[in-house]
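Working notes, structure below.
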Amino acid sequence: MTFEIGQKTEVTRTYSGADMTDFALQAGLDGDAPKTVPGPLIGALFSYLLGVKLPGPGTNYLKQDMRFLADAPLGEALTASVTITRLRPEKHLVDLETVCVTEGGTRVCEGRALVYVEDVGKA
């Protein structure tokens with residue numbers, strides 16, 4: 001696959017109270033479910049995009065930086081996106097901007113990811 005600066009993909013997910021109950025049980029929180037979407041679930045959206053969509057299979061995470069700006073409400077669609085900002089084919093590296101927003105447009109998380117991709121293609 002050929003990658004280009006500005007290339008973008010996104011996924012939208014709505015988390016429910018039942019999802020938070022499941023999260024609490026898996027995290028060992030003794031059923032004390034979070035009232036907002038926790039950061040690890042937002043990070044998982046980015047992981048999904050990087051590993052499945054862009055760059056996709058064969059991607060290896062090297063670094064992730066996330067800044068949480070607002071609470072992510074339950075029951076509201078969250079859209080996570082990754083956008084290629086830099087390609088370094090000689091080093092097999094791809095830099096991406098990561099953003100998660102609510103359906104109302106509130107930015108709840110922003111950051112960057114650096115990934116290793118065996119075949120980055122030509123810059």
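Residue numbering restarts at 1 in every chain; chains get A, B, ... in the order shown in the structure tokens, and ligands count up from 1 in that same order.
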_Neighbour list for Gly56 in chain A as a ChimeraX atom specification, cut-off 10 Å, only C-alpha atoms, skip fewer than 5 positions in-chain_ = /A:1,47-51,117
Write out, as a compact mmCIF listing (two decimals), in the first residue's frame, the residues just selected, with C-alpha atoms.
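Output file selection.txt follows:
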```txt
# COMPACT_ATOMS: atom_id res chain seq x y z
CA MET A 1 0.00 0.00 0.00
CA SER A 47 -4.95 1.03 18.48
CA TYR A 48 -7.73 -0.46 16.37
CA LEU A 49 -7.33 2.19 13.66
CA LEU A 50 -3.54 1.85 13.52
CA GLY A 51 -3.51 -1.94 13.50
CA VAL A 117 5.68 -0.19 9.04
```
*Step one, run DSSP on the backbone; step two, keep only residues of range 69-109 of chain A assigned to strand (DSSP E); then write them as a PyMOL selection string.*
chain A and resi 78-88+93-102+107-109
_Close residues, Glu103 in chain A itself excluded, 12 Å, only C-alpha atoms, min 4 positions apart in chain, as a PyMOL selection string_ = chain A and resi 12-14+72-80+107-108
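Residue nearest Leu69 in chain A within the list A:Gly104, A:Pro34, A:Gly111, A:Pro55: A:Gly111 [criterion: smallest interatomic distance, only C-alpha atoms].
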Report as an mmCIF file with N, CA, C and O atoms, in the first residue's frame all protein, DNA and RNA residues lying within 10 Å of range 83-93 of chain A, evaluated on only C-alpha atoms, omitting residues in the same chain fewer than 3 positions from it.
```
data_model
loop_
_atom_site.group_PDB
_atom_site.id
_atom_site.type_symbol
_atom_site.label_atom_id
_atom_site.label_comp_id
_atom_site.auth_asym_id
_atom_site.auth_seq_id
_atom_site.Cartn_x
_atom_site.Cartn_y
_atom_site.Cartn_z
ATOM 1 N N PHE A 3 1.276 5.081 1.078
ATOM 2 C CA PHE A 3 0.749 6.016 2.067
ATOM 3 C C PHE A 3 1.056 7.436 1.640
ATOM 4 O O PHE A 3 2.047 7.693 0.952
ATOM 5 N N GLU A 4 0.191 8.376 2.060
ATOM 6 C CA GLU A 4 0.372 9.782 1.720
ATOM 7 C C GLU A 4 0.127 10.642 2.948
ATOM 8 O O GLU A 4 -0.745 10.326 3.773
ATOM 9 N N ILE A 5 0.859 11.738 3.042
ATOM 10 C CA ILE A 5 0.612 12.707 4.106
ATOM 11 C C ILE A 5 -0.811 13.239 3.928
ATOM 12 O O ILE A 5 -1.255 13.517 2.819
ATOM 13 N N GLY A 6 -1.536 13.324 5.027
ATOM 14 C CA GLY A 6 -2.924 13.773 4.999
ATOM 15 C C GLY A 6 -3.930 12.636 4.917
ATOM 16 O O GLY A 6 -5.124 12.846 5.130
ATOM 17 N N GLN A 7 -3.456 11.423 4.619
ATOM 18 C CA GLN A 7 -4.349 10.263 4.569
ATOM 19 C C GLN A 7 -4.945 10.047 5.959
ATOM 20 O O GLN A 7 -4.256 10.131 6.965
ATOM 21 N N LYS A 8 -6.255 9.742 6.005
ATOM 22 C CA LYS A 8 -6.971 9.700 7.289
ATOM 23 C C LYS A 8 -7.984 8.564 7.296
ATOM 24 O O LYS A 8 -8.535 8.207 6.257
ATOM 25 N N THR A 9 -8.226 8.033 8.479
ATOM 26 C CA THR A 9 -9.315 7.079 8.686
ATOM 27 C C THR A 9 -9.902 7.330 10.064
ATOM 28 O O THR A 9 -9.247 7.948 10.917
ATOM 29 N N GLU A 10 -11.132 6.860 10.260
ATOM 30 C CA GLU A 10 -11.786 7.084 11.548
ATOM 31 C C GLU A 10 -12.742 5.952 11.870
ATOM 32 O O GLU A 10 -13.117 5.154 10.990
ATOM 33 N N LEU A 50 -4.923 2.032 13.969
ATOM 34 C CA LEU A 50 -3.543 1.853 13.517
ATOM 35 C C LEU A 50 -3.268 0.420 13.075
ATOM 36 O O LEU A 50 -2.574 0.188 12.090
ATOM 37 N N LEU A 54 -5.191 2.004 9.229
ATOM 38 C CA LEU A 54 -4.138 2.875 8.703
ATOM 39 C C LEU A 54 -3.027 3.038 9.721
ATOM 40 O O LEU A 54 -3.292 3.586 10.794
ATOM 41 N N PRO A 55 -1.862 2.563 9.507
ATOM 42 C CA PRO A 55 -1.379 1.856 8.331
ATOM 43 C C PRO A 55 -1.948 0.454 8.132
ATOM 44 O O PRO A 55 -1.964 -0.047 7.029
ATOM 45 N N THR A 59 1.554 -3.225 11.407
ATOM 46 C CA THR A 59 1.984 -2.005 12.085
ATOM 47 C C THR A 59 2.474 -2.331 13.485
ATOM 48 O O THR A 59 1.850 -3.099 14.201
ATOM 49 N N ASN A 60 3.604 -1.750 13.869
ATOM 50 C CA ASN A 60 4.138 -1.899 15.225
ATOM 51 C C ASN A 60 4.172 -0.536 15.897
ATOM 52 O O ASN A 60 4.781 0.400 15.394
ATOM 53 N N LEU A 62 5.380 2.246 18.260
ATOM 54 C CA LEU A 62 6.636 2.647 18.888
ATOM 55 C C LEU A 62 6.398 3.656 20.002
ATOM 56 O O LEU A 62 7.044 3.608 21.035
ATOM 57 N N LEU A 96 1.598 9.987 13.002
ATOM 58 C CA LEU A 96 0.179 10.264 12.820
ATOM 59 C C LEU A 96 -0.352 11.152 13.931
ATOM 60 O O LEU A 96 0.088 11.053 15.079
ATOM 61 N N GLU A 97 -1.303 12.008 13.572
ATOM 62 C CA GLU A 97 -2.057 12.773 14.555
ATOM 63 C C GLU A 97 -3.235 11.904 14.973
ATOM 64 O O GLU A 97 -3.864 11.247 14.144
ATOM 65 N N THR A 98 -3.538 11.879 16.280
ATOM 66 C CA THR A 98 -4.669 11.120 16.796
ATOM 67 C C THR A 98 -5.629 12.082 17.482
ATOM 68 O O THR A 98 -5.212 12.925 18.266
ATOM 69 N N VAL A 99 -6.927 11.958 17.160
ATOM 70 C CA VAL A 99 -7.933 12.865 17.710
ATOM 71 C C VAL A 99 -9.202 12.066 18.000
ATOM 72 O O VAL A 99 -9.589 11.196 17.214
ATOM 73 N N ARG A 112 -0.390 12.093 19.354
ATOM 74 C CA ARG A 112 0.399 11.648 18.222
ATOM 75 C C ARG A 112 0.764 10.185 18.414
ATOM 76 O O ARG A 112 0.836 9.709 19.541
ATOM 77 N N ALA A 113 1.004 9.523 17.313
ATOM 78 C CA ALA A 113 1.482 8.148 17.348
ATOM 79 C C ALA A 113 2.632 8.016 16.363
ATOM 80 O O ALA A 113 2.628 8.648 15.302
ATOM 81 N N LEU A 114 3.597 7.209 16.745
ATOM 82 C CA LEU A 114 4.714 6.869 15.870
ATOM 83 C C LEU A 114 4.685 5.359 15.713
ATOM 84 O O LEU A 114 4.680 4.631 16.718
ATOM 85 N N VAL A 115 4.638 4.901 14.467
ATOM 86 C CA VAL A 115 4.566 3.471 14.210
ATOM 87 C C VAL A 115 5.625 3.059 13.199
ATOM 88 O O VAL A 115 6.072 3.860 12.374
ATOM 89 N N TYR A 116 5.999 1.792 13.287
ATOM 90 C CA TYR A 116 6.931 1.176 12.356
ATOM 91 C C TYR A 116 6.114 0.344 11.379
ATOM 92 O O TYR A 116 5.276 -0.461 11.789
ATOM 93 N N VAL A 117 6.368 0.557 10.084
ATOM 94 C CA VAL A 117 5.683 -0.193 9.039
ATOM 95 C C VAL A 117 6.756 -0.668 8.065
ATOM 96 O O VAL A 117 7.492 0.144 7.510
ATOM 97 N N GLU A 118 6.840 -1.971 7.879
ATOM 98 C CA GLU A 118 7.901 -2.543 7.044
ATOM 99 C C GLU A 118 7.929 -1.916 5.648
ATOM 100 O O GLU A 118 8.980 -1.571 5.141
ATOM 101 N N ASP A 119 6.765 -1.763 5.017
ATOM 102 C CA ASP A 119 6.706 -1.233 3.662
ATOM 103 C C ASP A 119 5.938 0.084 3.637
ATOM 104 O O ASP A 119 4.743 0.126 3.346
ATOM 105 N N VAL A 120 6.642 1.171 3.983
ATOM 106 C CA VAL A 120 6.014 2.493 3.998
ATOM 107 C C VAL A 120 5.765 2.997 2.579
ATOM 108 O O VAL A 120 4.864 3.783 2.336
ATOM 109 N N GLY A 121 6.565 2.533 1.619
ATOM 110 C CA GLY A 121 6.441 3.010 0.250
ATOM 111 C C GLY A 121 7.298 4.239 0.039
ATOM 112 O O GLY A 121 8.099 4.629 0.874
ATOM 113 N N LYS A 122 7.113 4.855 -1.066
ATOM 114 C CA LYS A 122 7.912 6.048 -1.434
ATOM 115 C C LYS A 122 7.260 7.301 -0.892
ATOM 116 O O LYS A 122 6.057 7.461 -0.959
ATOM 117 N N ALA A 123 8.068 8.195 -0.345
ATOM 118 C CA ALA A 123 7.556 9.468 0.178
ATOM 119 C C ALA A 123 7.301 10.428 -0.951
ATOM 120 O O ALA A 123 7.854 10.335 -2.004
#
```
*Separation of CA of Asp95 in chain A and CA of Thr36 in chain A, in Å?*
28.9 Å
*What gap, in Å, lies between CA of Pro38 in chain A and CA of Asp71 in chain A?*
8.4 Å
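Between CA of Cys100 in chain A and CA of Gly39 in chain A the separation is 10.8 Å.
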*Compare A:Leu45, A:Met66, A:Val101, A:Val94 by their minimum atom-to-atom distance to Val11 in chain A, counting only C-alpha atoms, and give me the closest one.*
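The shortest atom-to-atom distance to Val11 in chain A comes from A:Leu45.
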*helix (DSSP H, G or I) per DSSP on the backbone: members of chain A, as a list in words*: Gly17, Ala18, Asp19, Met20, Thr21, Asp22, Phe23, Ala24, Leu25, Gln26, Gly39, Pro40, Leu41, Ile42, Gly43, Ala44, Leu45, Phe46, Ser47, Tyr48, Leu49, Leu50, Gly51, Val52, Lys53, Pro89, Glu90 and Lys91 of chain A
Selection file, N, CA and C atoms, as a JSON list (two decimals), in the first residue's frame:
```
[["chain", "number", "residue", "atom", "x", "y", "z"],
["A", 17, "GLY", "N", -23.58, 2.26, 29.60],
["A", 17, "GLY", "CA", -23.36, 1.90, 31.00],
["A", 17, "GLY", "C", -22.99, 0.44, 31.16],
["A", 18, "ALA", "N", -23.60, -0.43, 30.34],
["A", 18, "ALA", "CA", -23.26, -1.87, 30.38],
["A", 18, "ALA", "C", -21.81, -2.09, 29.99],
["A", 19, "ASP", "N", -21.31, -1.33, 29.00],
["A", 19, "ASP", "CA", -19.90, -1.43, 28.61],
["A", 19, "ASP", "C", -18.99, -1.06, 29.79],
["A", 20, "MET", "N", -19.41, -0.04, 30.56],
["A", 20, "MET", "CA", -18.61, 0.40, 31.70],
["A", 20, "MET", "C", -18.63, -0.64, 32.83],
["A", 21, "THR", "N", -19.76, -1.33, 32.99],
["A", 21, "THR", "CA", -19.83, -2.41, 33.97],
["A", 21, "THR", "C", -18.87, -3.52, 33.58],
["A", 22, "ASP", "N", -18.87, -3.88, 32.31],
["A", 22, "ASP", "CA", -17.93, -4.90, 31.82],
["A", 22, "ASP", "C", -16.49, -4.45, 32.00],
["A", 23, "PHE", "N", -16.20, -3.19, 31.67],
["A", 23, "PHE", "CA", -14.85, -2.65, 31.84],
["A", 23, "PHE", "C", -14.43, -2.73, 33.31],
["A", 24, "ALA", "N", -15.31, -2.33, 34.21],
["A", 24, "ALA", "CA", -15.00, -2.35, 35.64],
["A", 24, "ALA", "C", -14.69, -3.76, 36.12],
["A", 25, "LEU", "N", -15.46, -4.73, 35.66],
["A", 25, "LEU", "CA", -15.22, -6.12, 36.06],
["A", 25, "LEU", "C", -13.88, -6.62, 35.55],
["A", 26, "GLN", "N", -13.58, -6.31, 34.29],
["A", 26, "GLN", "CA", -12.30, -6.74, 33.70],
["A", 26, "GLN", "C", -11.11, -6.03, 34.33],
["A", 39, "GLY", "N", -9.89, 6.59, 29.67],
["A", 39, "GLY", "CA", -8.83, 6.78, 28.68],
["A", 39, "GLY", "C", -8.38, 5.52, 27.96],
["A", 40, "PRO", "N", -8.23, 4.38, 28.66],
["A", 40, "PRO", "CA", -7.79, 3.18, 27.95],
["A", 40, "PRO", "C", -8.74, 2.75, 26.83],
["A", 41, "LEU", "N", -10.04, 3.01, 26.98],
["A", 41, "LEU", "CA", -10.97, 2.65, 25.91],
["A", 41, "LEU", "C", -10.84, 3.60, 24.72],
["A", 42, "ILE", "N", -10.52, 4.85, 24.99],
["A", 42, "ILE", "CA", -10.27, 5.79, 23.88],
["A", 42, "ILE", "C", -8.97, 5.39, 23.18],
["A", 43, "GLY", "N", -7.95, 5.06, 23.97],
["A", 43, "GLY", "CA", -6.68, 4.60, 23.39],
["A", 43, "GLY", "C", -6.88, 3.35, 22.54],
["A", 44, "ALA", "N", -7.80, 2.48, 22.95],
["A", 44, "ALA", "CA", -8.07, 1.27, 22.18],
["A", 44, "ALA", "C", -8.63, 1.58, 20.80],
["A", 45, "LEU", "N", -9.40, 2.67, 20.69],
["A", 45, "LEU", "CA", -9.91, 3.08, 19.38],
["A", 45, "LEU", "C", -8.75, 3.42, 18.44],
["A", 46, "PHE", "N", -7.75, 4.14, 18.97],
["A", 46, "PHE", "CA", -6.57, 4.47, 18.16],
["A", 46, "PHE", "C", -5.81, 3.21, 17.79],
["A", 47, "SER", "N", -5.65, 2.29, 18.75],
["A", 47, "SER", "CA", -4.95, 1.03, 18.48],
["A", 47, "SER", "C", -5.64, 0.26, 17.36],
["A", 48, "TYR", "N", -6.97, 0.21, 17.42],
["A", 48, "TYR", "CA", -7.73, -0.46, 16.37],
["A", 48, "TYR", "C", -7.45, 0.18, 15.00],
["A", 49, "LEU", "N", -7.55, 1.50, 14.93],
["A", 49, "LEU", "CA", -7.33, 2.19, 13.66],
["A", 49, "LEU", "C", -5.93, 1.93, 13.11],
["A", 50, "LEU", "N", -4.92, 2.03, 13.97],
["A", 50, "LEU", "CA", -3.54, 1.85, 13.52],
["A", 50, "LEU", "C", -3.27, 0.42, 13.08],
["A", 51, "GLY", "N", -3.80, -0.54, 13.80],
["A", 51, "GLY", "CA", -3.51, -1.94, 13.50],
["A", 51, "GLY", "C", -4.37, -2.56, 12.41],
["A", 52, "VAL", "N", -5.57, -1.99, 12.18],
["A", 52, "VAL", "CA", -6.49, -2.60, 11.23],
["A", 52, "VAL", "C", -6.70, -1.73, 9.98],
["A", 53, "LYS", "N", -6.73, -0.42, 10.15],
["A", 53, "LYS", "CA", -7.09, 0.48, 9.05],
["A", 53, "LYS", "C", -5.91, 1.23, 8.43],
["A", 89, "PRO", "N", 10.18, 6.80, 4.93],
["A", 89, "PRO", "CA", 10.33, 5.46, 4.37],
["A", 89, "PRO", "C", 11.70, 4.84, 4.60],
["A", 90, "GLU", "N", 12.75, 5.67, 4.65],
["A", 90, "GLU", "CA", 14.10, 5.13, 4.85],
["A", 90, "GLU", "C", 14.25, 4.48, 6.22],
["A", 91, "LYS", "N", 13.39, 4.87, 7.17],
["A", 91, "LYS", "CA", 13.42, 4.30, 8.53],
["A", 91, "LYS", "C", 12.17, 3.45, 8.81]]
```
